[in-house]
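S.K.: Handing over upload-v8.txt, compact mmCIF, C-alpha atoms.
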```txt
# COMPACT_ATOMS: atom_id res chain seq x y z
CA MET C 298 174.27 132.30 -196.23
CA THR C 299 175.21 133.89 -192.91
CA ARG C 300 177.46 131.72 -190.82
CA ARG C 301 176.58 131.23 -187.19
CA PHE C 302 178.99 130.51 -184.35
CA ALA C 303 178.70 129.72 -180.67
CA VAL C 304 181.52 131.50 -178.80
CA VAL C 305 182.18 130.05 -175.35
CA ALA C 306 183.49 131.98 -172.33
CA GLY C 307 183.31 131.12 -168.68
CA ALA C 308 186.33 132.34 -166.73
CA ARG C 309 187.88 135.78 -166.39
CA PRO C 310 190.66 135.35 -169.01
CA ASN C 311 188.14 134.05 -171.55
CA PHE C 312 186.33 137.37 -171.82
CA VAL C 313 189.52 139.17 -172.78
CA LYS C 314 190.04 136.64 -175.57
CA VAL C 315 186.52 136.38 -176.99
CA ALA C 316 185.85 140.14 -177.17
CA PRO C 317 188.00 140.78 -180.29
CA ILE C 318 186.77 137.54 -181.89
CA LEU C 319 183.15 138.61 -181.51
CA ARG C 320 183.94 141.99 -183.06
CA ALA C 321 185.83 140.47 -185.98
CA LEU C 322 183.05 138.00 -186.74
CA ASP C 323 180.43 140.76 -186.57
CA GLU C 324 182.46 142.96 -188.93
CA ARG C 325 182.41 140.12 -191.48
CA GLY C 326 178.67 139.64 -191.31
CA ALA C 327 178.69 136.45 -189.24
CA GLU C 328 176.35 135.79 -186.34
CA ALA C 329 178.16 135.05 -183.09
CA LEU C 330 176.26 133.88 -180.01
CA LEU C 331 178.13 134.41 -176.75
CA ILE C 332 177.73 131.45 -174.40
CA HIS C 333 178.57 132.42 -170.80
CA THR C 334 178.96 129.24 -168.78
CA GLY C 335 179.11 131.09 -165.48
CA GLN C 336 182.29 129.32 -164.39
CA HIS C 337 183.28 132.66 -162.83
CA TYR C 338 180.15 134.44 -161.81
CA ASP C 339 180.79 137.55 -159.69
CA ALA C 340 180.97 141.06 -161.11
CA THR C 341 184.71 141.50 -160.52
CA MET C 342 185.51 138.24 -162.30
CA SER C 343 183.27 138.69 -165.33
CA GLY C 344 180.62 141.39 -165.17
CA SER C 345 182.94 144.38 -165.50
CA PHE C 346 184.53 142.86 -168.59
CA PHE C 347 181.29 143.24 -170.53
CA GLU C 348 181.35 147.00 -170.10
CA ILE C 349 185.11 147.50 -170.43
CA LEU C 350 185.54 145.29 -173.50
CA GLY C 351 182.27 146.21 -175.17
CA LEU C 352 180.99 142.64 -175.05
CA PRO C 353 177.43 142.03 -176.20
CA GLU C 354 174.89 140.58 -173.82
CA ALA C 355 175.36 136.85 -173.52
CA HIS C 356 172.92 134.75 -175.51
CA THR C 357 172.69 132.52 -172.45
CA ASN C 358 174.34 132.15 -169.06
CA PHE C 359 174.46 128.64 -167.62
CA GLY C 360 175.48 129.92 -164.18
CA VAL C 361 177.28 126.70 -163.26
CA GLY C 362 179.49 128.28 -160.60
CA SER C 363 182.29 126.51 -158.78
CA GLY C 364 182.92 122.79 -158.59
CA THR C 365 185.53 120.07 -158.78
CA HIS C 366 187.21 119.04 -162.02
CA ALA C 367 184.45 116.47 -162.44
CA VAL C 368 181.44 118.41 -161.19
CA GLN C 369 182.05 121.69 -163.00
CA PRO C 370 182.68 120.27 -166.52
CA ALA C 371 179.73 117.91 -166.07
CA ALA C 372 177.43 120.83 -165.26
CA VAL C 373 178.66 122.77 -168.31
CA MET C 374 178.30 119.71 -170.56
CA THR C 375 174.73 119.09 -169.44
CA CYS C 376 173.73 122.69 -170.13
CA PHE C 377 175.60 123.00 -173.41
CA GLU C 378 174.28 119.71 -174.80
CA LYS C 379 170.73 120.95 -174.28
CA TRP C 380 171.54 124.35 -175.78
CA LEU C 381 173.33 122.89 -178.79
CA GLY C 382 170.44 120.53 -179.45
CA GLU C 383 168.12 123.52 -179.70
CA HIS C 384 170.32 125.90 -181.71
CA ALA C 385 171.87 125.33 -185.12
CA VAL C 386 175.43 126.64 -185.39
CA ASP C 387 178.15 126.13 -187.96
CA ALA C 388 180.90 125.79 -185.37
CA VAL C 389 181.76 126.24 -181.71
CA ILE C 390 184.64 128.56 -180.80
CA VAL C 391 186.47 127.92 -177.53
CA VAL C 392 189.43 129.76 -176.03
CA GLY C 393 192.17 128.95 -173.56
CA ASP C 394 192.28 125.95 -171.25
CA VAL C 395 189.59 126.26 -168.57
CA ASN C 396 187.02 123.60 -167.70
CA SER C 397 184.35 125.30 -169.82
CA THR C 398 186.61 125.00 -172.86
CA LEU C 399 187.04 121.28 -172.34
CA ALA C 400 183.37 120.65 -171.58
CA CYS C 401 181.95 122.46 -174.60
CA THR C 402 184.53 120.88 -176.89
CA LEU C 403 183.53 117.39 -175.77
CA VAL C 404 179.84 118.11 -176.32
CA ALA C 405 180.34 119.70 -179.73
CA ALA C 406 182.63 116.90 -180.92
CA LYS C 407 180.11 114.23 -179.90
CA CYS C 408 177.33 116.17 -181.63
CA GLY C 409 179.37 116.43 -184.83
CA VAL C 410 179.74 120.22 -184.64
CA PRO C 411 183.25 121.41 -185.59
CA VAL C 412 185.29 123.19 -182.94
CA ALA C 413 187.76 126.05 -183.32
CA HIS C 414 190.31 126.26 -180.49
CA VAL C 415 191.94 129.65 -179.96
CA GLU C 416 195.29 129.39 -178.12
CA ALA C 417 195.85 125.86 -179.36
CA GLY C 418 199.15 124.03 -178.95
CA LEU C 419 200.28 125.61 -175.67
CA ARG C 420 202.08 123.01 -173.60
CA ALA C 421 203.75 123.05 -170.19
CA PHE C 422 204.46 119.30 -170.55
CA ASP C 423 203.07 118.75 -167.08
CA ARG C 424 199.98 116.55 -166.88
CA SER C 425 199.64 117.29 -163.17
CA MET C 426 198.17 120.65 -164.25
CA PRO C 427 194.43 120.34 -164.94
CA GLU C 428 194.79 123.02 -167.61
CA GLU C 429 197.30 120.88 -169.49
CA VAL C 430 194.83 118.00 -169.71
CA ASN C 431 192.18 120.43 -170.95
CA ARG C 432 194.53 121.73 -173.64
CA VAL C 433 195.53 118.32 -174.94
CA VAL C 434 191.99 116.96 -175.15
CA THR C 435 190.61 120.15 -176.70
CA ASP C 436 193.30 120.21 -179.37
CA ALA C 437 192.76 116.54 -180.22
CA LEU C 438 189.07 117.14 -180.89
CA SER C 439 189.22 120.54 -182.62
CA THR C 440 188.93 121.09 -186.37
CA TRP C 441 190.73 124.44 -186.38
CA LEU C 442 193.79 125.01 -184.20
CA PHE C 443 194.59 128.72 -183.91
CA THR C 444 198.03 129.27 -182.38
CA THR C 445 199.82 132.19 -180.74
CA SER C 446 203.43 131.25 -181.47
CA ALA C 447 205.68 128.99 -183.52
CA ASP C 448 206.38 126.66 -180.59
CA ALA C 449 202.65 125.92 -180.36
CA ASP C 450 202.63 124.94 -184.04
CA ALA C 451 205.56 122.62 -183.41
CA ASN C 452 203.81 121.02 -180.42
CA LEU C 453 200.70 120.27 -182.44
CA LEU C 454 202.59 118.85 -185.40
CA ALA C 455 204.66 116.66 -183.07
CA GLU C 456 201.40 115.28 -181.65
CA GLY C 457 200.20 114.36 -185.12
CA ALA C 458 197.88 117.23 -185.98
CA GLU C 459 197.36 117.65 -189.71
CA PRO C 460 199.11 120.82 -190.91
CA SER C 461 195.89 121.99 -192.59
CA ARG C 462 194.26 122.27 -189.15
CA VAL C 463 196.97 124.53 -187.71
CA HIS C 464 196.78 128.30 -188.23
CA PHE C 465 199.38 130.65 -186.74
CA VAL C 466 197.35 133.81 -186.12
CA GLY C 467 198.92 135.54 -183.12
CA ASN C 468 197.50 136.34 -179.70
CA VAL C 469 193.95 137.63 -179.20
CA MET C 470 194.94 138.73 -175.70
CA ALA C 471 197.13 141.33 -177.39
CA ASP C 472 194.14 142.47 -179.45
CA SER C 473 192.19 143.31 -176.30
CA LEU C 474 195.18 144.83 -174.52
CA PHE C 475 195.94 147.22 -177.36
CA SER C 476 192.27 148.12 -177.77
CA VAL C 477 191.96 149.39 -174.17
CA LEU C 478 195.52 150.47 -173.33
CA ASP C 479 194.90 154.19 -173.81
CA ARG C 480 191.95 153.98 -171.43
CA ALA C 481 193.99 151.97 -168.92
CA ARG C 482 196.70 154.63 -168.95
CA LEU C 483 194.15 157.17 -167.71
CA ARG C 484 193.66 155.06 -164.59
CA ARG C 485 195.81 155.61 -161.50
CA PRO C 486 194.57 153.06 -158.97
CA TRP C 487 197.77 153.47 -156.94
CA ASP C 488 196.94 157.09 -156.10
CA GLY C 489 194.66 156.07 -153.26
CA LEU C 490 197.13 153.56 -151.83
CA ASP C 491 199.76 155.99 -150.54
CA LEU C 492 202.49 154.39 -152.65
CA PRO C 493 205.79 155.89 -153.80
CA ASP C 494 206.48 156.33 -157.50
CA ARG C 495 208.15 152.92 -157.63
CA PHE C 496 206.39 149.78 -156.45
CA GLY C 497 206.00 146.11 -157.32
CA LEU C 498 203.02 143.89 -158.03
CA VAL C 499 202.25 140.38 -156.80
CA THR C 500 199.54 138.23 -158.37
CA LEU C 501 199.20 134.63 -157.21
CA HIS C 502 196.23 132.33 -157.61
CA ARG C 503 197.21 128.73 -158.43
CA PRO C 504 196.14 126.16 -155.81
CA ALA C 505 199.63 124.61 -155.68
CA LEU C 506 200.79 127.89 -154.16
CA VAL C 507 197.93 129.73 -152.50
CA ASP C 508 196.32 126.66 -150.90
CA ASP C 509 199.54 125.85 -149.02
CA PRO C 510 199.84 128.49 -146.27
CA ASP C 511 203.46 127.69 -145.42
CA ARG C 512 204.62 127.83 -149.03
CA LEU C 513 202.64 131.02 -149.70
CA LEU C 514 204.08 132.78 -146.65
CA ASP C 515 207.62 131.67 -147.55
CA VAL C 516 207.18 133.04 -151.07
CA LEU C 517 205.82 136.38 -149.85
CA ALA C 518 208.66 136.67 -147.35
CA ALA C 519 211.22 136.03 -150.09
CA ILE C 520 209.63 138.69 -152.30
CA GLY C 521 209.72 141.19 -149.46
CA ASP C 522 213.36 140.37 -148.69
CA ALA C 523 214.40 140.83 -152.31
CA GLY C 524 212.52 144.08 -152.69
CA GLY C 525 214.06 145.72 -149.64
CA ASP C 526 212.08 148.89 -148.95
CA LEU C 527 210.10 148.58 -152.20
CA PRO C 528 206.39 148.14 -151.45
CA PHE C 529 204.43 145.46 -153.32
CA ILE C 530 200.68 145.46 -153.82
CA PHE C 531 198.90 142.12 -153.93
CA PRO C 532 195.32 142.14 -155.34
CA VAL C 533 194.17 139.06 -153.48
CA HIS C 534 191.31 136.65 -154.08
CA PRO C 535 188.99 136.26 -151.06
CA ARG C 536 189.99 132.60 -150.59
CA THR C 537 193.68 133.51 -150.48
CA LEU C 538 192.94 136.45 -148.20
CA ALA C 539 191.29 134.09 -145.72
CA THR C 540 194.41 131.90 -145.74
CA LEU C 541 196.66 134.87 -145.03
CA GLN C 542 194.41 136.34 -142.36
CA SER C 543 194.23 133.03 -140.52
CA ALA C 544 198.05 132.93 -140.42
CA SER C 545 198.18 136.26 -138.54
CA VAL C 546 201.64 137.23 -139.78
CA ASP C 547 203.22 140.53 -140.67
CA LEU C 548 203.66 140.70 -144.45
CA GLY C 549 206.04 143.65 -144.20
CA THR C 550 206.16 145.66 -147.43
CA ILE C 551 203.51 143.52 -149.15
CA ARG C 552 200.12 145.19 -149.03
CA LEU C 553 196.94 143.24 -149.67
CA ILE C 554 194.28 145.03 -151.74
CA ASP C 555 190.95 144.08 -153.32
CA PRO C 556 190.93 142.53 -156.81
CA LEU C 557 191.27 145.07 -159.64
CA ASP C 558 189.21 145.35 -162.79
CA TYR C 559 190.86 144.81 -166.16
CA LEU C 560 191.83 148.43 -166.86
CA ASP C 561 193.21 149.06 -163.37
CA PHE C 562 195.16 145.81 -163.49
CA LEU C 563 196.75 146.69 -166.84
CA ALA C 564 197.64 150.14 -165.51
CA VAL C 565 199.31 148.66 -162.43
CA GLN C 566 201.19 146.06 -164.49
CA GLU C 567 202.62 148.73 -166.77
CA ARG C 568 203.59 151.00 -163.89
CA ALA C 569 205.13 148.30 -161.68
CA ALA C 570 208.91 147.97 -161.41
CA VAL C 571 208.51 144.18 -161.34
CA VAL C 572 205.60 141.73 -161.34
CA VAL C 573 205.78 138.44 -159.46
CA THR C 574 203.12 136.00 -160.64
CA ASP C 575 202.03 132.44 -161.30
CA SER C 576 199.60 133.45 -164.06
CA GLY C 577 199.94 132.54 -167.71
CA GLY C 578 198.13 135.64 -168.96
CA VAL C 579 200.24 138.00 -166.85
CA GLN C 580 203.39 136.56 -168.45
CA GLU C 581 201.98 137.69 -171.80
CA GLU C 582 200.67 141.06 -170.67
CA THR C 583 203.89 142.11 -168.94
CA SER C 584 205.89 141.19 -172.04
CA LEU C 585 203.72 143.48 -174.17
CA LEU C 586 203.70 146.23 -171.56
CA GLY C 587 207.46 146.15 -171.10
CA THR C 588 207.57 145.16 -167.42
CA TRP C 589 209.93 142.62 -165.86
CA CYS C 590 208.06 139.50 -164.81
CA VAL C 591 209.16 136.78 -162.38
CA THR C 592 207.04 133.63 -162.64
CA ILE C 593 206.79 131.21 -159.72
CA ARG C 594 206.24 128.05 -161.72
CA GLU C 595 208.38 125.09 -162.72
CA ASN C 596 207.30 125.43 -166.36
CA THR C 597 205.34 127.63 -168.69
CA GLU C 598 203.08 126.92 -171.64
CA ARG C 599 204.12 130.32 -173.00
CA PRO C 600 207.88 129.94 -173.56
CA VAL C 601 207.90 132.80 -176.05
CA THR C 602 207.50 135.16 -173.08
CA VAL C 603 210.85 133.89 -171.81
CA THR C 604 212.73 133.76 -175.13
CA LEU C 605 211.35 136.97 -176.64
CA GLY C 606 209.55 138.65 -173.76
CA THR C 607 210.33 139.92 -170.28
CA ASN C 608 209.57 136.79 -168.28
CA SER C 609 211.79 134.54 -166.15
CA LEU C 610 210.89 131.25 -164.46
CA VAL C 611 212.14 130.52 -160.95
CA GLY C 612 210.09 127.49 -159.91
CA PHE C 613 209.60 127.29 -156.13
CA ASP C 614 213.27 127.93 -155.37
CA LEU C 615 213.25 130.84 -152.92
CA ASP C 616 216.88 131.73 -153.62
CA GLN C 617 216.16 131.93 -157.34
CA LEU C 618 213.09 134.01 -156.60
CA ARG C 619 215.08 136.51 -154.54
CA LEU C 620 217.80 136.70 -157.20
CA ALA C 621 215.31 137.22 -160.02
CA VAL C 622 213.46 140.01 -158.19
CA THR C 623 216.71 141.74 -157.17
CA THR C 624 218.07 141.47 -160.72
CA ALA C 625 214.87 142.85 -162.25
CA LEU C 626 214.87 145.84 -159.93
CA ALA C 627 218.49 146.62 -160.79
CA ARG C 628 217.94 146.51 -164.56
CA PRO C 629 216.56 149.28 -166.76
CA GLU C 630 213.01 148.98 -168.03
CA PRO C 631 212.98 146.45 -170.87
CA GLY C 632 210.48 148.07 -173.23
CA PRO C 633 207.61 146.18 -174.91
CA ALA C 634 208.55 142.83 -176.44
CA ASP C 635 208.41 142.34 -180.20
CA ILE C 636 206.70 138.96 -180.55
CA PRO C 637 205.59 137.87 -184.05
CA LEU C 638 201.89 138.51 -184.78
CA TRP C 639 201.17 139.85 -181.29
CA ASP C 640 200.07 142.96 -183.13
CA GLY C 641 196.40 143.43 -182.32
CA HIS C 642 195.04 141.67 -185.43
CA ALA C 643 194.85 138.02 -184.38
CA ALA C 644 191.05 137.96 -184.21
CA GLU C 645 190.82 139.30 -187.75
CA ARG C 646 192.95 136.39 -188.99
CA ILE C 647 190.76 133.93 -187.11
CA ALA C 648 187.57 135.40 -188.52
CA GLU C 649 188.92 135.26 -192.07
CA VAL C 650 189.48 131.52 -191.75
CA LEU C 651 186.11 130.80 -190.15
CA VAL C 652 183.94 133.12 -192.25
CA ASN C 653 185.58 132.79 -195.65
CA GLY C 654 187.10 129.32 -195.43
CA GLU C 655 185.42 126.01 -196.16
CA LEU C 656 183.34 124.49 -193.37
CA PRO C 657 183.44 120.74 -192.74
CA ARG C 658 180.17 118.88 -192.87
CA PRO C 659 178.79 117.50 -189.58
CA THR C 660 179.16 113.80 -188.86
CA PHE C 661 176.18 113.64 -186.49
CA ILE C 662 172.95 115.62 -186.26
CA PRO C 663 171.65 116.26 -182.74
CA PRO C 664 168.29 114.53 -182.19
CA ARG C 665 166.35 117.75 -181.58
CA LEU C 666 167.45 119.14 -184.93
CA ARG C 667 166.39 115.92 -186.68
CA ALA C 668 163.01 116.06 -185.00
CA THR C 669 162.27 119.71 -185.78
CA SER C 670 163.67 120.05 -189.27
CA GLY C 671 162.90 118.32 -192.48
CA ASN C 672 166.57 118.37 -193.41
CA GLY C 673 169.07 118.04 -190.55
CA LEU C 674 172.01 119.23 -192.62
CA ASP C 675 170.16 122.36 -193.68
CA ALA C 676 169.18 123.03 -190.07
CA MET C 677 172.75 122.67 -188.89
CA PHE C 678 173.99 125.28 -191.37
CA SER C 679 171.02 127.62 -191.53
CA SER C 680 171.19 131.17 -190.27
```
What's the structure tokens form of this structure?
M.R.:
Amino acid sequence: MTRRFAVVAGARPNFVKVAPILRALDERGAEALLIHTGQHYDATMSGSFFEILGLPEAHTNFGVGSGTHAVQPAAVMTCFEKWLGEHAVDAVIVVGDVNSTLACTLVAAKCGVPVAHVEAGLRAFDRSMPEEVNRVVTDALSTWLFTTSADADANLLAEGAEPSRVHFVGNVMADSLFSVLDRARLRRPWDGLDLPDRFGLVTLHRPALVDDPDRLLDVLAAIGDAGGDLPFIFPVHPRTLATLQSASVDLGTIRLIDPLDYLDFLAVQERAAVVVTDSGGVQEETSLLGTWCVTIRENTERPVTVTLGTNSLVGFDLDQLRLAVTTALARPEPGPADIPLWDGHAAERIAEVLVNGELPRPTFIPPRLRATSGNGLDAMFSS
């Protein structure tokens, strides 16, 4: 009997992660229905990923849009509960730590549908981060916990997860990166920017930084000081751009540009002499691309990028930021990091477990399935 999965994506990083999973499930004869929650809804954030990554058309798009950490998950939960009550699936697959991940996990768990969490066990040990709360709750409710690194396994086991639920499979982000890297290397988005051969990249988006104009301007000034004459490009979100424009200050060698699509962004990351970021995904991508990365955060849920990769944490200490950027620019290129199982085959390992492994039986049958089927269990696991 063909197994059927709902695969949830809503924010820009999710599409990079679900693309190889969808392919691996399809190659094994499973049916995978892509659920687009619409958490990010403009073409730059999500639409271009469908073409670049070869994603199938979404089975549905909830189009929930922006909202607070109460409003947005509630909108996703309302839509997904209705959808799940009308569609029989063997399991729900969620990725990462965004609000859509949390919302769909809660709904599936309450409906008795098992959940597979890809990127489980990542911990920054900072509950002030909304993403950290999403991770912890999602992991507690998931049946399968697919991890990217040994430290994630250790985190889950320390929290009491049964070892049988934990599967070290590697990083699906690497799967997507390797699948498009040759195409990205054909891109030269810097050619139209009148840049020298050597330049840096800035990518900042977290509210703790970009919503505080004084802190953001101090950080950008420190980056410019450390880089000397080196120009930095900063693909900037419209909200952050409005903050900077309202400040009416000279950013010196830091040049603001429009957001880049996935291929252009990978090309720029690989070419850059140094990347300064607050992004979790960029910490991973720069490690695999062999680019020095300086992360403006007090902690990281991806410590393997520090211990085995090319990443360094500086917090919000401007002196440490200047030192890290100066040091990176003075060092030779590091070369791609060799991180266990970040080899482009993580999605295949995930699909093997979900397609060929034993499925748990549901503990609750959604009312619509009981009303429309003579046998709720059969409906839940039918193709």
S.K.: Just the number, please: distance in Å from atom CA of C:Trp441 to atom CA of C:Asp575, one decimal.
M.R.: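 Atom-to-atom, atom CA of C:Trp441 to atom CA of C:Asp575, that is 28.6 Å.
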S.K.: Need the shell around C:Asp448: protein/DNA/RNA residues with any atom at most 10 Å away, counting all atoms listed in the file. Skip same-chain ones fewer than 2 positions apart. Format as a list in words?
M.R.: Gly418, Leu419, Arg420, Thr444, Thr445, Ser446, Asp450, Ala451, Asn452, Leu453, Leu454, Glu598, Arg599, Pro600 and Val601 of chain C
S.K.: Give me the residues near C:Val415 as a PyMOL selection string, where near means some atom within 10 Å (using all atoms listed in the file) and where sequence neighbours in that chain fewer than 2 positions away do not count.
M.R.: chain C and resi 314-315+318+390-394+412-413+417-418+436+439+441-445+464+466-469+643-644+647
S.K.: Would you work out the distance separating atom CA of C:Ile520 from atom CA of C:Ala570, expressed in Å to one decimal?
M.R.: 13.0 Å
S.K.: Excluding stretch 470-483 of chain C and its own-chain neighbours fewer than 2 positions away, which residues fall within 9 Å of it when counting all atoms listed in the file? Please give them as a ChimeraX atom specification.
M.R.: /C:310,313-317,349-350,467-468,485,559-564,567,578,581-582,585,639-644
S.K.: Show me the residues close to (194.6, 136.4, -157.5) - anything with an atom within 7 Å, counting only C-alpha atoms - and format the list as a list of chain:residue names.
M.R.: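 Residues close enough to count: C:Thr500, C:Leu501, C:His502, C:Pro532, C:Val533, C:His534.
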S.K.: For a test of reading the model, state the distance in Å between atom CA of C:Cys590 and atom CA of C:Glu428, rounded to one decimal.
M.R.: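 These atoms are spaced 21.3 Å apart.
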S.K.: Quick one: of C:Asn596, C:Phe347, C:Arg300, C:Leu403, who's nearest to C:Glu429, counting all atoms listed in the file?
M.R.: C:Asn596
S.K.: Measuring atom to atom with only C-alpha atoms, identify which of C:Thr435, C:Thr623, C:Thr583, C:Thr592 is nearest to C:Gly521.
M.R.: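 Between C:Thr435, C:Thr623, C:Thr583, C:Thr592, the residue approaching C:Gly521 most closely is C:Thr623.
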S.K.: Counting all atoms listed in the file, which residue out of C:Gly577, C:Pro486, C:Pro504, C:Pro657 sits closest to C:Arg536?
M.R.: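 Ranking C:Gly577, C:Pro486, C:Pro504, C:Pro657 by distance to C:Arg536, first place goes to C:Pro504.
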S.K.: For C:Leu586, which residue among C:Ile636, C:Ala458, C:Ile332, C:Val516 is the nearest when counting all atoms listed in the file?
M.R.: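 Among the listed residues, the smallest separation from C:Leu586 belongs to C:Ile636.
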S.K.: Which centre and which edge lengths, in Å to one decimal, describe the axis-aligned box that holds all listed atoms of stretch 601-619 of chain C after 3 Å is added on each side, as AutoDock Vina command-line options?
M.R.:
```
--center_x 212.2 --center_y 133.6 --center_z -164.8 --size_x 15.4 --size_y 18.6 --size_z 29.7
```
S.K.: Counting all atoms listed in the file, which residue out of C:Glu630, C:Glu459, C:Glu328, C:Glu378 sits closest to C:Cys401?
M.R.: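 Closest to C:Cys401 of all the choices is C:Glu378.
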S.K.: Choose the residue, out of C:Gln336, C:Leu620, C:Glu595, C:Val410, that has the smallest atom-to-atom separation from C:Ser425; count all atoms listed in the file.
M.R.: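 Counting all atoms listed in the file, the residue closest to C:Ser425 is C:Glu595.
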